[in-house]
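Q: Got upload_22.tsv for you, TSV, C-alpha atoms:
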chain	number	residue	atom	x	y	z
A	119	MET	CA	24.21	111.88	-25.13
A	120	SER	CA	24.86	111.13	-28.80
A	121	GLY	CA	27.98	109.54	-30.17
A	122	ILE	CA	29.57	106.20	-29.44
A	123	HIS	CA	29.94	105.12	-25.84
A	124	ILE	CA	32.90	103.11	-24.63
A	125	VAL	CA	31.59	101.29	-21.59
A	126	GLU	CA	34.06	99.95	-19.06
A	127	ARG	CA	32.55	97.71	-16.37
A	128	ILE	CA	34.94	96.86	-13.60
A	129	SER	CA	34.25	94.54	-10.70
A	130	THR	CA	36.60	95.79	-8.01
A	131	ARG	CA	38.19	93.95	-5.15
A	132	PRO	CA	36.68	94.65	-1.73
A	133	GLY	CA	37.43	98.20	-0.70
A	134	ALA	CA	39.10	99.11	-4.02
A	135	ALA	CA	36.32	101.05	-5.76
A	136	ARG	CA	37.37	104.49	-4.55
A	137	ALA	CA	41.01	103.89	-5.54
A	138	MET	CA	39.87	102.58	-8.94
A	139	ALA	CA	37.75	105.64	-9.66
A	140	GLU	CA	40.47	107.99	-8.47
A	141	ALA	CA	43.08	106.25	-10.63
A	142	ILE	CA	40.86	106.55	-13.68
A	143	ARG	CA	40.37	110.27	-13.12
A	144	ARG	CA	44.01	110.90	-12.25
A	145	ASP	CA	45.90	108.62	-14.66
A	146	TYR	CA	43.59	107.39	-17.44
A	147	LEU	CA	41.58	110.55	-18.07
A	148	PRO	CA	44.54	112.55	-19.47
A	149	LEU	CA	45.43	109.69	-21.83
A	150	ALA	CA	41.82	109.39	-22.90
A	151	GLY	CA	41.66	113.10	-23.59
A	152	GLU	CA	44.66	112.84	-25.91
A	153	ARG	CA	42.74	110.17	-27.85
A	154	GLY	CA	39.59	112.25	-28.22
A	155	MET	CA	37.58	110.47	-25.52
A	156	THR	CA	35.28	112.46	-23.26
A	157	LEU	CA	34.40	111.19	-19.81
A	158	ASP	CA	30.64	111.10	-19.41
A	159	ARG	CA	30.52	109.70	-15.89
A	160	ILE	CA	31.81	107.11	-13.48
A	161	LEU	CA	29.09	105.09	-11.78
A	162	VAL	CA	29.66	103.13	-8.57
A	163	SER	CA	27.28	100.35	-7.60
A	164	PRO	CA	26.30	99.98	-4.88
A	165	PRO	CA	27.16	103.61	-4.07
A	166	ILE	CA	28.94	102.74	-0.85
A	167	PHE	CA	32.66	102.81	-0.16
A	168	ASP	CA	33.33	100.05	2.33
A	169	PRO	CA	36.62	98.18	2.84
A	170	GLU	CA	34.75	94.88	2.87
A	171	LEU	CA	32.53	95.56	-0.14
A	172	SER	CA	33.08	94.73	-3.80
A	173	ASN	CA	31.61	97.27	-6.22
A	174	GLU	CA	30.90	97.50	-9.87
A	175	VAL	CA	32.49	100.62	-11.31
A	176	THR	CA	31.08	101.59	-14.71
A	177	VAL	CA	32.97	104.19	-16.70
A	178	LEU	CA	31.20	105.82	-19.63
A	179	TRP	CA	33.34	107.48	-22.29
A	180	THR	CA	32.14	108.98	-25.54
A	181	VAL	CA	33.60	109.74	-28.94
A	182	PRO	CA	31.60	111.65	-31.56
A	183	ASP	CA	31.35	109.03	-34.31
A	184	ALA	CA	32.91	105.96	-35.91
A	185	LYS	CA	35.75	107.89	-37.53
A	186	ALA	CA	36.66	109.38	-34.16
A	187	TRP	CA	36.36	105.90	-32.67
A	188	TRP	CA	38.97	104.57	-35.13
A	189	LEU	CA	41.33	107.45	-34.37
A	190	MET	CA	40.96	106.58	-30.69
A	191	ALA	CA	41.51	102.87	-31.32
A	192	LYS	CA	44.51	103.29	-33.61
A	193	SER	CA	46.25	105.65	-31.19
A	194	GLY	CA	45.80	102.97	-28.53
A	195	ARG	CA	47.65	100.48	-30.72
A	196	ALA	CA	50.63	102.75	-31.15
A	197	ASP	CA	50.70	104.04	-27.57
A	198	THR	CA	50.64	101.34	-24.93
A	199	ARG	CA	50.09	103.65	-21.95
A	200	ALA	CA	46.36	102.90	-21.76
A	201	ALA	CA	46.89	99.15	-21.83
A	202	ASP	CA	49.69	99.61	-19.30
A	203	PHE	CA	47.25	101.46	-17.03
A	204	TRP	CA	45.02	98.39	-16.77
A	205	ARG	CA	47.97	96.09	-16.15
A	206	SER	CA	49.35	98.35	-13.42
A	207	HIS	CA	45.99	98.45	-11.63
A	208	ALA	CA	45.24	94.74	-11.88
A	209	ASP	CA	45.44	94.45	-8.09
A	210	LEU	CA	42.25	96.54	-7.79
A	211	ILE	CA	40.26	94.49	-10.31
A	212	VAL	CA	38.46	91.17	-10.10
A	213	GLU	CA	37.04	91.31	-13.61
A	214	ARG	CA	36.80	93.90	-16.35
A	215	HIS	CA	34.56	94.07	-19.39
A	216	ARG	CA	34.75	96.64	-22.20
A	217	SER	CA	32.03	97.18	-24.78
A	218	MET	CA	30.86	99.70	-27.36
A	219	ALA	CA	27.33	101.07	-27.46
A	220	THR	CA	25.08	103.80	-28.76
A	221	GLY	CA	21.71	105.10	-27.68
A	222	ASP	CA	18.78	103.09	-28.96
A	223	GLU	CA	17.70	106.02	-31.13
A	224	GLN	CA	21.07	105.90	-32.93
A	225	VAL	CA	21.22	102.22	-33.83
A	226	GLU	CA	19.62	102.58	-37.24
A	227	GLU	CA	21.83	105.55	-38.01
A	228	VAL	CA	25.16	103.92	-37.14
A	229	CYS	CA	24.25	100.78	-39.09
A	230	ASN	CA	23.39	102.83	-42.14
A	231	VAL	CA	26.93	103.30	-43.46
B	263	MET	CA	43.10	74.39	-54.16
B	264	TYR	CA	46.20	75.82	-52.55
B	265	LYS	CA	46.82	79.55	-52.15
B	266	VAL	CA	49.95	81.63	-51.95
B	267	THR	CA	50.24	85.30	-51.05
B	268	ARG	CA	53.30	87.51	-51.09
B	269	VAL	CA	53.35	91.17	-50.08
B	270	VAL	CA	56.36	92.98	-51.52
B	271	HIS	CA	57.76	95.96	-49.60
B	272	TYR	CA	60.13	97.81	-51.94
B	273	ARG	CA	62.96	99.88	-50.53
B	274	GLU	CA	61.97	103.53	-50.20
B	275	ASP	CA	64.80	104.64	-52.47
B	276	ILE	CA	63.36	102.72	-55.41
B	277	ASP	CA	61.95	105.22	-57.88
B	278	PRO	CA	58.21	104.60	-58.37
B	279	ALA	CA	58.88	104.73	-62.12
B	280	ASP	CA	61.17	101.72	-61.76
B	281	ARG	CA	58.65	99.70	-59.81
B	282	ALA	CA	56.63	98.83	-62.89
B	283	GLY	CA	59.63	96.99	-64.31
B	284	LEU	CA	60.15	95.17	-61.02
B	285	ASP	CA	56.46	94.28	-60.92
B	286	ASP	CA	56.82	92.82	-64.42
B	287	ARG	CA	59.67	90.59	-63.22
B	288	VAL	CA	57.34	89.27	-60.55
B	289	ARG	CA	54.63	88.67	-63.15
B	290	GLU	CA	57.04	86.75	-65.35
B	291	ALA	CA	58.18	84.63	-62.43
B	292	ALA	CA	54.57	83.99	-61.44
B	293	ALA	CA	53.63	82.98	-64.99
B	294	ALA	CA	56.50	80.48	-64.97
B	295	THR	CA	54.87	78.69	-62.01
B	296	HIS	CA	51.73	78.06	-64.13
B	297	PRO	CA	49.17	78.89	-61.44
B	298	ASP	CA	45.45	78.35	-61.97
B	299	ARG	CA	44.74	81.93	-60.90
B	300	THR	CA	46.97	84.97	-60.57
B	301	LEU	CA	46.34	88.42	-59.17
B	302	ILE	CA	49.35	90.72	-59.05
B	303	ALA	CA	48.68	94.40	-58.47
B	304	PRO	CA	50.15	97.45	-56.75
B	305	THR	CA	48.64	98.26	-53.38
B	306	LEU	CA	46.31	101.22	-53.05
B	307	PRO	CA	46.67	104.22	-50.71
B	308	GLY	CA	45.48	103.48	-47.20
B	309	VAL	CA	47.16	100.15	-46.56
B	310	ILE	CA	48.67	99.65	-43.10
B	311	ASN	CA	51.99	97.82	-43.06
B	312	GLY	CA	50.71	96.66	-46.43
B	313	GLY	CA	53.66	97.02	-48.78
B	314	ASP	CA	53.72	98.00	-52.44
B	315	LEU	CA	52.71	94.93	-54.42
B	316	ILE	CA	50.26	92.10	-53.72
B	317	VAL	CA	51.04	88.76	-55.32
B	318	HIS	CA	48.32	86.14	-55.04
B	319	LEU	CA	48.58	82.74	-56.73
B	320	GLN	CA	46.37	79.68	-56.68
B	321	PHE	CA	47.37	76.12	-57.50
B	322	ALA	CA	45.57	72.84	-57.79
B	323	ASP	CA	47.17	71.57	-54.60
B	324	ARG	CA	50.09	72.11	-52.22
B	325	ASP	CA	52.42	69.70	-54.01
B	326	THR	CA	52.04	71.64	-57.25
B	327	TRP	CA	53.11	74.80	-55.46
B	328	LEU	CA	56.02	73.13	-53.69
B	329	GLN	CA	57.46	72.10	-57.06
B	330	VAL	CA	57.82	75.76	-58.09
B	331	ARG	CA	58.18	77.57	-54.77
B	332	GLU	CA	61.95	77.70	-54.67
B	333	ASP	CA	62.29	79.17	-58.16
B	334	PHE	CA	59.57	81.74	-57.53
B	335	ASP	CA	60.87	82.88	-54.16
B	336	ARG	CA	64.38	83.14	-55.62
B	337	VAL	CA	63.14	85.84	-58.00
B	338	LEU	CA	61.35	87.67	-55.21
B	339	GLY	CA	64.49	87.42	-53.11
B	340	GLU	CA	66.44	89.29	-55.79
B	341	LEU	CA	64.12	92.31	-55.65
B	342	PRO	CA	65.23	95.49	-53.85
B	343	THR	CA	62.97	95.06	-50.86
B	344	THR	CA	63.02	95.84	-47.17
B	345	ARG	CA	61.04	92.68	-46.58
B	346	LEU	CA	58.54	90.19	-47.95
B	347	ASP	CA	55.47	89.04	-46.08
B	348	GLY	CA	53.77	85.89	-47.17
B	349	ALA	CA	51.36	83.09	-46.49
B	350	GLU	CA	50.70	79.63	-47.90
B	351	TYR	CA	47.38	78.04	-47.07
B	352	SER	CA	44.39	75.95	-48.03
B	353	PRO	CA	41.12	77.86	-48.29
B	354	GLY	CA	39.36	78.19	-44.95
B	355	ARG	CA	35.79	79.03	-44.00
B	356	GLY	CA	34.05	81.67	-46.05
B	357	GLY	CA	31.31	82.48	-48.50
B	358	ARG	CA	30.20	84.65	-51.38
B	359	ARG	CA	27.26	86.58	-52.72
B	360	GLU	CA	25.78	86.02	-56.15
B	361	ASP	CA	27.57	89.09	-57.44
B	362	ASP	CA	30.78	88.93	-59.46
B	363	GLY	CA	31.25	92.69	-59.67
B	364	ALA	CA	34.09	92.99	-57.18
B	365	GLN	CA	36.63	95.69	-57.95
B	366	VAL	CA	38.82	95.50	-54.86
B	367	TYR	CA	40.71	92.60	-53.30
B	368	ARG	CA	41.77	92.93	-49.69
B	369	THR	CA	43.88	90.61	-47.58
B	370	LEU	CA	44.74	90.86	-43.91
B	371	LEU	CA	47.64	88.89	-42.52
B	372	LEU	CA	47.43	88.57	-38.77
B	373	ARG	CA	49.03	86.72	-35.93
B	374	ALA	CA	46.61	85.37	-33.31
B	375	GLU	CA	48.24	84.32	-30.08
B	376	ASP	CA	47.55	80.90	-28.64
B	377	ALA	CA	44.25	81.03	-26.79
B	378	PRO	CA	41.72	78.57	-25.38
B	379	ALA	CA	39.70	76.89	-28.12
B	380	GLU	CA	36.50	78.74	-27.24
B	381	ILE	CA	38.28	82.09	-27.54
B	382	SER	CA	39.77	81.18	-30.92
B	383	GLU	CA	36.41	79.96	-32.16
B	384	GLN	CA	34.65	83.13	-31.00
B	385	PHE	CA	37.27	85.23	-32.79
B	386	ALA	CA	36.64	83.29	-36.00
B	387	ALA	CA	32.86	83.44	-35.58
B	388	ASP	CA	32.88	87.20	-35.00
B	389	THR	CA	35.10	87.73	-38.04
B	390	LEU	CA	32.93	85.54	-40.25
B	391	SER	CA	29.78	87.35	-39.08
B	392	MET	CA	30.86	90.55	-40.81
B	393	PRO	CA	29.44	89.85	-44.30
B	394	ARG	CA	26.02	89.45	-42.69
B	395	TYR	CA	26.08	93.20	-42.09
B	396	VAL	CA	28.51	94.53	-44.72
B	397	SER	CA	26.72	94.18	-48.04
B	398	SER	CA	29.63	95.53	-50.09
B	399	MET	CA	31.68	92.48	-49.09
B	400	LEU	CA	31.02	90.13	-52.01
B	401	SER	CA	33.22	87.22	-50.94
B	402	TRP	CA	35.19	86.38	-47.81
B	403	GLN	CA	37.43	83.69	-46.42
B	404	LEU	CA	39.29	83.17	-43.13
B	405	SER	CA	42.11	80.66	-43.47
B	406	PRO	CA	44.74	79.30	-41.10
B	407	ILE	CA	48.23	79.55	-42.56
B	408	ASP	CA	50.50	76.56	-43.14
B	409	ARG	CA	53.66	78.53	-43.79
B	410	SER	CA	54.38	82.15	-43.04
B	411	LEU	CA	57.00	84.41	-44.57
B	412	GLY	CA	58.42	87.60	-43.06
B	413	PRO	CA	59.45	88.91	-39.65
B	414	THR	CA	56.02	88.16	-38.14
B	415	THR	CA	54.86	84.56	-38.03
B	416	TRP	CA	51.38	85.07	-39.44
B	417	THR	CA	48.73	82.57	-38.34
B	418	HIS	CA	45.64	83.61	-40.34
B	419	VAL	CA	44.69	85.34	-43.54
B	420	TRP	CA	41.35	87.17	-43.79
B	421	GLU	CA	40.55	87.85	-47.44
B	422	GLN	CA	37.64	89.67	-48.95
B	423	GLU	CA	36.48	91.10	-52.27
B	424	TYR	CA	34.52	94.35	-52.33
B	425	ARG	CA	32.22	95.92	-54.83
B	426	ASP	CA	34.37	99.06	-54.72
B	427	LEU	CA	36.84	100.96	-52.56
B	428	PRO	CA	34.18	102.83	-50.54
B	429	GLY	CA	32.80	99.42	-49.68
B	430	LEU	CA	36.07	98.60	-47.92
B	431	LEU	CA	37.08	101.99	-46.54
B	432	GLY	CA	33.53	103.10	-45.73
B	433	GLU	CA	31.01	100.38	-45.04
B	434	TYR	CA	33.43	97.73	-43.75
B	435	MET	CA	35.35	100.10	-41.50
B	436	LEU	CA	32.43	102.14	-40.19
B	437	HIS	CA	29.77	99.50	-39.54
B	438	PRO	CA	29.38	98.71	-35.82
B	439	VAL	CA	30.02	95.02	-36.46
B	440	HIS	CA	33.62	96.11	-37.01
B	441	TRP	CA	34.21	98.58	-34.18
B	442	ALA	CA	31.78	97.12	-31.63
B	443	VAL	CA	32.19	93.37	-32.25
B	444	VAL	CA	35.33	92.34	-34.14
B	445	ASP	CA	37.89	94.96	-33.22
B	446	ARG	CA	37.98	93.89	-29.58
B	447	TRP	CA	40.18	90.99	-30.64
B	448	PHE	CA	42.74	93.51	-31.91
B	449	ASP	CA	42.50	96.02	-29.06
B	450	PRO	CA	45.17	95.81	-26.32
B	451	GLU	CA	42.70	97.33	-23.84
B	452	PHE	CA	40.40	94.34	-24.14
B	453	PRO	CA	41.20	91.65	-21.56
B	454	ASP	CA	40.86	88.82	-24.11
B	455	TYR	CA	42.46	90.34	-27.20
B	456	VAL	CA	44.35	87.81	-29.30
B	457	VAL	CA	45.96	89.78	-32.14
B	458	ARG	CA	48.90	91.33	-30.33
B	459	THR	CA	51.25	91.97	-33.25
B	460	LYS	CA	50.95	94.66	-35.91
B	461	ILE	CA	48.77	93.47	-38.77
B	462	CYS	CA	49.44	93.56	-42.51
B	463	HIS	CA	46.32	95.20	-43.98
B	464	THR	CA	46.65	95.52	-47.71
B	465	PHE	CA	44.42	95.84	-50.76
B	466	CYS	CA	44.55	96.40	-54.49
B	467	ASP	CA	42.39	96.72	-57.56
B	468	SER	CA	41.00	93.43	-58.72
B	469	ASP	CA	41.24	92.42	-62.37
B	470	GLY	CA	37.52	91.98	-62.90
B	471	ARG	CA	37.50	88.25	-62.29
B	472	PRO	CA	36.62	86.49	-59.01
B	473	VAL	CA	39.59	85.76	-56.75
B	474	LEU	CA	38.40	83.84	-53.71
B	475	TYR	CA	36.05	81.55	-55.58
B	476	ALA	CA	37.67	81.62	-58.98
B	477	GLN	CA	37.02	78.01	-59.88
Please render this file's structure as structure tokens.

A:
Amino acid sequence: MSGIHIVERISTRPGAARAMAEAIRRDYLPLAGERGMTLDRILVSPPIFDPELSNEVTVLWTVPDAKAWWLMAKSGRADTRAADFWRSHADLIVERHRSMATGDEQVEEVCNV
Amino acid sequence: MYKVTRVVHYREDIDPADRAGLDDRVREAAAATHPDRTLIAPTLPGVINGGDLIVHLQFADRDTWLQVREDFDRVLGELPTTRLDGAEYSPGRGGRREDDGAQVYRTLLLRAEDAPAEISEQFAADTLSMPRYVSSMLSWQLSPIDRSLGPTTWTHVWEQEYRDLPGLLGEYMLHPVHWAVVDRWFDPEFPDYVVRTKICHTFCDSDGRPVLYAQ
């Protein structure tokens, strides 16, 4: 998929992966939609829900381009609901990492500004 | 060298036609301080929390500035403003290209929260990596602030000069080094973000002479 990917990698506490994914779809997805973000997919690794198992949940969002990315980012500064979402679900999370990426075929294009 | 920046936020009820006269009062007050370098110019459309007038002065050293500070700030204090933002600082880390054709001066006042040393250093390193990728940035400097003015206690000033306005609003803003590397420090959704207070992002036309490395 083209565009800019917002990649959220979440190491969940044992048994918390399903709740994390459900919370993202239920509570974060509407906020993301307001900011122009499209949910590509939520990946769960390993793909097993087990109360004793920690998972890595990877959430892939997309925005069309850098201008759309800035609109998304600036709305997140003014509206704290997204940041509040992560704080309110801290009990499900061991570690979280957020990064921005594009497909390899787009790197030259996005750097050519 | 010692550097002084003031960002003047005029009251909204001040007629734009009257601002030129107010700006001239600032210029007269600045001239009376006998700085080595002066740039005073109205801000351009697109600033964020960036006020109406940028005042940037450079002195030989801090003591020289301190001898005139009270008189200068008294004049600014008499202006019809909603607030003044400001910074006083020695030049920090930075660099320049062999190109003196800058037309735009930009300064960013920011407040970085206390963080472990490695986090603060990574923030500075990421910021200072930008000119490697943004060719329109002709000079740059990241400086810690000695004394802040205004409702926010600013900790750093990130100054740059650009070849032209598209260099700032286009290349600088849209290159992935900005949105994929540096902006995480400003984004409340990043676990390690350090700039948690609204920034003062402001810019103006330059006067055709170098600002950051004027001497």

Q: Need the shell around stretch 181-190 of chain A: protein/DNA/RNA residues with any atom at most 6 Å away, counting all atoms listed in the file. Skip same-chain ones fewer than 6 positions apart. Format as a PyMOL selection string?

A: (chain A and resi 121-122+153+155) or (chain B and resi 436)

Q: Based on the selection just made, write C-alpha atoms of those residues as a PDB file, in the coordinates of the input.

A:
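Final output, saved to selection_31.pdb:
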ATOM      1  CA  GLY A 121      27.980 109.540 -30.170  1.00  0.00           C
ATOM      2  CA  ILE A 122      29.570 106.200 -29.440  1.00  0.00           C
ATOM      3  CA  ARG A 153      42.740 110.170 -27.850  1.00  0.00           C
ATOM      4  CA  MET A 155      37.580 110.470 -25.520  1.00  0.00           C
TER       5      MET A 155
ATOM      6  CA  LEU B 436      32.430 102.140 -40.190  1.00  0.00           C
TER       7      LEU B 436
END

Q: What are the closest atom pairs, with distances in Å to one decimal, for all residues of chain A lying within 6 Å of chain B? Consider all atoms listed in the file, order rows by chain and residue number, and present the result as a tab-separated table.

A:
residue	atom	partner	partner_atom	distance
A:Ala184	CA	B:Leu436	CA	5.8
A:Ala201	CA	B:Glu451	CA	5.0
A:Met218	CA	B:Ala442	CA	5.1
A:Cys229	CA	B:His437	CA	5.7
A:Val231	CA	B:Glu433	CA	5.3

Q: Keeping C-alpha atoms, export the residues of the selection given above as a PDB file, in the coordinates of the input.

A:
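Output file out-v6.pdb is given in full below:
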ATOM      1  CA  ALA A 184      32.910 105.960 -35.910  1.00  0.00           C
ATOM      2  CA  ALA A 201      46.890  99.150 -21.830  1.00  0.00           C
ATOM      3  CA  MET A 218      30.860  99.700 -27.360  1.00  0.00           C
ATOM      4  CA  CYS A 229      24.250 100.780 -39.090  1.00  0.00           C
ATOM      5  CA  VAL A 231      26.930 103.300 -43.460  1.00  0.00           C
TER       6      VAL A 231
END

Q: Do you have the atom CA of A:Arg144-atom CA of A:Glu170 distance handy?

A: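 About the pair atom CA of A:Arg144 and atom CA of A:Glu170: they are 23.9 Å apart.
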
Q: Atom CA of B:Glu350 and atom CA of B:Met263, how far apart in Å?

A: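 Atom CA of B:Glu350 lies 11.2 Å from atom CA of B:Met263.
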
Q: Work out how far atom CA of B:Val457 is from atom CA of B:Phe385, in Å to one decimal.

A: 9.8 Å

Q: Go through B:Ile310, B:Ala349, B:Met399, B:Ala294 and flag the residue nearest B:Gly412, using only C-alpha atoms for the distances.

A: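 That would be B:Ala349, the residue with the smallest distance to B:Gly412.
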